[in-house]
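Asks: Sharing data.pdb here; it has PDB, C-alpha atoms.
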```pdb
ATOM      1  CA  MET A   1       0.000   0.000   0.000  1.00  0.00           C
ATOM      2  CA  ASN A   2       1.285   3.456  -0.904  1.00  0.00           C
ATOM      3  CA  VAL A   3       1.003   6.202   1.717  1.00  0.00           C
ATOM      4  CA  ASN A   4       1.190   9.888   0.790  1.00  0.00           C
ATOM      5  CA  PHE A   5       1.357  12.247   3.787  1.00  0.00           C
ATOM      6  CA  THR A   6       1.563  16.032   4.126  1.00  0.00           C
ATOM      7  CA  PRO A   7       3.540  16.891   7.275  1.00  0.00           C
ATOM      8  CA  LYS A   8       2.525  19.832   9.450  1.00  0.00           C
ATOM      9  CA  GLY A   9       4.755  22.231  11.396  1.00  0.00           C
ATOM     10  CA  VAL A  10       8.044  21.149   9.777  1.00  0.00           C
ATOM     11  CA  CYS A  11      10.189  22.065   6.776  1.00  0.00           C
ATOM     12  CA  SER A  12       9.380  18.950   4.749  1.00  0.00           C
ATOM     13  CA  ARG A  13       6.358  19.254   2.475  1.00  0.00           C
ATOM     14  CA  ASN A  14       5.539  15.667   1.555  1.00  0.00           C
ATOM     15  CA  MET A  15       6.298  12.100   2.645  1.00  0.00           C
ATOM     16  CA  ASN A  16       5.587   9.165   0.399  1.00  0.00           C
ATOM     17  CA  PHE A  17       6.305   5.533   1.245  1.00  0.00           C
ATOM     18  CA  ASP A  18       5.076   1.999   0.757  1.00  0.00           C
ATOM     19  CA  ILE A  19       3.991  -0.444   3.439  1.00  0.00           C
ATOM     20  CA  GLU A  20       4.419  -4.078   2.457  1.00  0.00           C
ATOM     21  CA  ASP A  21       3.463  -6.741   5.011  1.00  0.00           C
ATOM     22  CA  GLY A  22       3.898  -4.248   7.857  1.00  0.00           C
ATOM     23  CA  ILE A  23       7.329  -3.097   6.646  1.00  0.00           C
ATOM     24  CA  ILE A  24       8.333   0.422   5.471  1.00  0.00           C
ATOM     25  CA  ARG A  25       9.706   0.640   1.931  1.00  0.00           C
ATOM     26  CA  ASN A  26      10.763   3.436  -0.443  1.00  0.00           C
ATOM     27  CA  LEU A  27      10.457   6.494   1.815  1.00  0.00           C
ATOM     28  CA  LYS A  28      10.829   9.699  -0.183  1.00  0.00           C
ATOM     29  CA  VAL A  29      10.605  13.115   1.495  1.00  0.00           C
ATOM     30  CA  THR A  30      10.199  16.408  -0.350  1.00  0.00           C
ATOM     31  CA  GLY A  31      11.653  19.464   1.348  1.00  0.00           C
ATOM     32  CA  GLY A  32      13.328  19.535   4.735  1.00  0.00           C
ATOM     33  CA  CYS A  33      16.976  18.803   5.513  1.00  0.00           C
ATOM     34  CA  ASN A  34      17.966  16.673   2.548  1.00  0.00           C
ATOM     35  CA  GLY A  35      20.881  14.760   4.087  1.00  0.00           C
ATOM     36  CA  ASN A  36      19.125  14.065   7.382  1.00  0.00           C
ATOM     37  CA  LEU A  37      15.974  12.877   5.672  1.00  0.00           C
ATOM     38  CA  LYS A  38      17.913  10.627   3.310  1.00  0.00           C
ATOM     39  CA  GLY A  39      19.564   9.161   6.405  1.00  0.00           C
ATOM     40  CA  ILE A  40      16.210   8.603   8.098  1.00  0.00           C
ATOM     41  CA  ALA A  41      14.847   7.010   4.914  1.00  0.00           C
ATOM     42  CA  SER A  42      17.816   4.645   4.819  1.00  0.00           C
ATOM     43  CA  LEU A  43      17.422   3.739   8.502  1.00  0.00           C
ATOM     44  CA  VAL A  44      13.686   3.011   8.375  1.00  0.00           C
ATOM     45  CA  GLU A  45      13.885   1.001   5.136  1.00  0.00           C
ATOM     46  CA  GLY A  46      12.858  -2.540   6.041  1.00  0.00           C
ATOM     47  CA  MET A  47      11.688  -1.653   9.568  1.00  0.00           C
ATOM     48  CA  LYS A  48       8.408  -2.834  11.023  1.00  0.00           C
ATOM     49  CA  ILE A  49       5.913   0.017  11.184  1.00  0.00           C
ATOM     50  CA  GLU A  50       5.467  -0.438  14.943  1.00  0.00           C
ATOM     51  CA  ASP A  51       9.221   0.011  15.443  1.00  0.00           C
ATOM     52  CA  VAL A  52       9.242   3.188  13.354  1.00  0.00           C
ATOM     53  CA  VAL A  53       6.531   4.689  15.565  1.00  0.00           C
ATOM     54  CA  ALA A  54       8.247   3.573  18.782  1.00  0.00           C
ATOM     55  CA  ARG A  55      11.590   5.090  17.787  1.00  0.00           C
ATOM     56  CA  LEU A  56      10.509   8.332  16.107  1.00  0.00           C
ATOM     57  CA  GLU A  57       7.326   9.473  17.848  1.00  0.00           C
ATOM     58  CA  GLY A  58       7.792  12.566  20.009  1.00  0.00           C
ATOM     59  CA  ILE A  59      11.143  13.744  18.616  1.00  0.00           C
ATOM     60  CA  ASP A  60      11.203  17.555  18.689  1.00  0.00           C
ATOM     61  CA  CYS A  61      12.997  19.965  16.344  1.00  0.00           C
ATOM     62  CA  ASN A  62      14.007  23.321  17.833  1.00  0.00           C
ATOM     63  CA  GLY A  63      11.001  23.588  20.148  1.00  0.00           C
ATOM     64  CA  LYS A  64       8.436  23.157  17.343  1.00  0.00           C
ATOM     65  CA  GLY A  65       6.678  20.381  19.251  1.00  0.00           C
ATOM     66  CA  THR A  66       7.269  18.053  16.304  1.00  0.00           C
ATOM     67  CA  SER A  67       9.941  17.133  13.750  1.00  0.00           C
ATOM     68  CA  CYS A  68      10.214  15.337  10.438  1.00  0.00           C
ATOM     69  CA  PRO A  69      10.824  12.005  12.237  1.00  0.00           C
ATOM     70  CA  ASP A  70       7.803  12.683  14.481  1.00  0.00           C
ATOM     71  CA  GLN A  71       5.701  13.501  11.418  1.00  0.00           C
ATOM     72  CA  LEU A  72       6.778  10.228   9.825  1.00  0.00           C
ATOM     73  CA  ALA A  73       5.609   8.434  12.978  1.00  0.00           C
ATOM     74  CA  LYS A  74       2.259  10.255  12.673  1.00  0.00           C
ATOM     75  CA  ALA A  75       1.970   9.180   9.022  1.00  0.00           C
ATOM     76  CA  VAL A  76       2.591   5.560   9.969  1.00  0.00           C
ATOM     77  CA  LYS A  77       0.155   5.742  12.913  1.00  0.00           C
ATOM     78  CA  ALA A  78      -2.517   7.136  10.564  1.00  0.00           C
ATOM     79  CA  TYR A  79      -2.030   4.003   8.465  1.00  0.00           C
ATOM     80  CA  LEU A  80      -2.428   1.775  11.540  1.00  0.00           C
TER      81      LEU A  80
END
```
How does this structure look as structure tokens?

Replies:
Amino acid sequence: MNVNFTPKGVCSRNMNFDIEDGIIRNLKVTGGCNGNLKGIASLVEGMKIEDVVARLEGIDCNGKGTSCPDQLAKAVKAYL
């Protein structure tokens, strides 16, 4: 299943990824800190969706109350 998510309160503008048998695949993020988001995409590739939420939910960026990793966790939770 393909998931397309518009993050809120962060620099990234779009997150698109596939979920196959409960596993994250092919995360692509538009906008945001390019190198950091490529790193996050590489780290979550092949992870169980529950693990992505557990590791990334609640991470804050500069007092915004959210972050790109936190928004990714929200996108995955919306799928669940």

Asks: Check which residues satisfy the PyMOL selection byres ((chain A and resi 66) around 12) in the file shown, then give them as number ranges by chain.

Replies: A: 7-12, 56-65, 67-74

Asks: How far is it from atom CA of Lys38 of chain A to atom CA of Tyr79 of chain A, in Å with one decimal?

Replies: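 Taking atom CA of Lys38 of chain A and atom CA of Tyr79 of chain A, their separation equals 21.6 Å.
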
Asks: Using Å and a single decimal, report how far atom CA of Asn2 of chain A sits from atom CA of Gly35 of chain A.

Replies: 23.2 Å

Asks: Measuring atom to atom with only C-alpha atoms, identify which of A:Val52, A:Leu80, A:Leu43, A:Met1 is nearest to Glu20 of chain A.

Replies: A:Met1

Asks: Write out as JSON, numbers by chain which residues come within 9 Å of Lys77 of chain A when counting all atoms listed in the file, dropping same-chain ones fewer than 6 positions away.

Replies: {"A": [49, 50, 53]}

Asks: Which residue gives the smallest distance to Thr30 of chain A among A:Gly46, A:Thr6, A:Asp51, A:Val76, with only C-alpha atoms counted?

Replies: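 Among A:Gly46, A:Thr6, A:Asp51, A:Val76, it is A:Thr6 that comes nearest to Thr30 of chain A.
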
Asks: Using atom CA of Cys33 of chain A and atom CA of Asn4 of chain A as the two end points, give the distance in Å to one decimal.

Replies: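 These two atoms are separated by 18.7 Å.
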
Asks: Compare A:Met15, A:Ala54, A:Val3, A:Ala41 by their minimum atom-to-atom distance to Val29 of chain A, counting all atoms listed in the file, and give me the closest one.

Replies: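 For Val29 of chain A, the nearest of the given residues is A:Met15.
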
Asks: So that all listed atoms of segment 13-22 of chain A fit with 5 Å spare on each side, what axis-aligned box centre and edge lengths in Å, to one decimal, would you give as lines of an AutoDock Vina configuration file?

Replies:
```
center_x = 4.9
center_y = 6.3
center_z = 4.1
size_x = 12.9
size_y = 36.0
size_z = 17.5
```

Asks: Counting all atoms listed in the file, find residues at most 10 Å from (12.1, -2.0, 0.1) (file frame) and give them as a list in words.

Replies: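 Those residues, ordered by chain and then number, are Phe17, Asp18, Ile19, Glu20, Ile23, Ile24, Arg25, Asn26, Leu27, Ser42, Val44, Glu45, Gly46 and Met47 of chain A.
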
Asks: My list of candidates is A:Phe5, A:Gly22, A:Asn16, A:Ala78. Which is closest to Lys48 of chain A when distances are computed with only C-alpha atoms?

Replies: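 Of A:Phe5, A:Gly22, A:Asn16, A:Ala78, the one nearest Lys48 of chain A, counting only C-alpha atoms, is A:Gly22.
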
Asks: Since the input is missing atoms, can you rebuild N, CA and C atoms for segment 22-35 of chain A and write them as a compact mmCIF listing (two decimals), in the coordinates of the input?

Replies:
```txt
# COMPACT_ATOMS: atom_id res chain seq x y z
N GLY A 22 3.54 -4.90 6.60
CA GLY A 22 3.90 -4.25 7.86
C GLY A 22 5.30 -3.68 7.90
N ILE A 23 5.95 -3.57 6.75
CA ILE A 23 7.33 -3.10 6.65
C ILE A 23 7.35 -1.82 5.79
N ILE A 24 8.17 -0.83 6.22
CA ILE A 24 8.33 0.42 5.47
C ILE A 24 9.28 0.20 4.30
N ARG A 25 8.89 0.71 3.15
CA ARG A 25 9.71 0.64 1.93
C ARG A 25 9.64 1.98 1.19
N ASN A 26 10.72 2.34 0.54
CA ASN A 26 10.76 3.44 -0.44
C ASN A 26 10.34 4.80 0.09
N LEU A 27 10.80 5.18 1.28
CA LEU A 27 10.46 6.49 1.82
C LEU A 27 11.14 7.58 1.00
N LYS A 28 10.35 8.52 0.53
CA LYS A 28 10.83 9.70 -0.18
C LYS A 28 10.23 10.92 0.50
N VAL A 29 11.07 11.90 0.83
CA VAL A 29 10.60 13.12 1.50
C VAL A 29 10.96 14.30 0.62
N THR A 30 9.99 15.19 0.41
CA THR A 30 10.20 16.41 -0.35
C THR A 30 10.34 17.56 0.63
N GLY A 31 11.39 18.34 0.45
CA GLY A 31 11.65 19.46 1.35
C GLY A 31 12.39 18.98 2.58
N GLY A 32 12.63 19.90 3.50
CA GLY A 32 13.33 19.54 4.74
C GLY A 32 14.83 19.46 4.54
N CYS A 33 15.51 18.93 5.52
CA CYS A 33 16.98 18.80 5.51
C CYS A 33 17.35 17.56 4.72
N ASN A 34 17.77 17.75 3.50
CA ASN A 34 17.97 16.67 2.55
C ASN A 34 18.82 15.53 3.09
N GLY A 35 20.00 15.81 3.60
CA GLY A 35 20.88 14.76 4.09
C GLY A 35 20.29 14.00 5.26
```
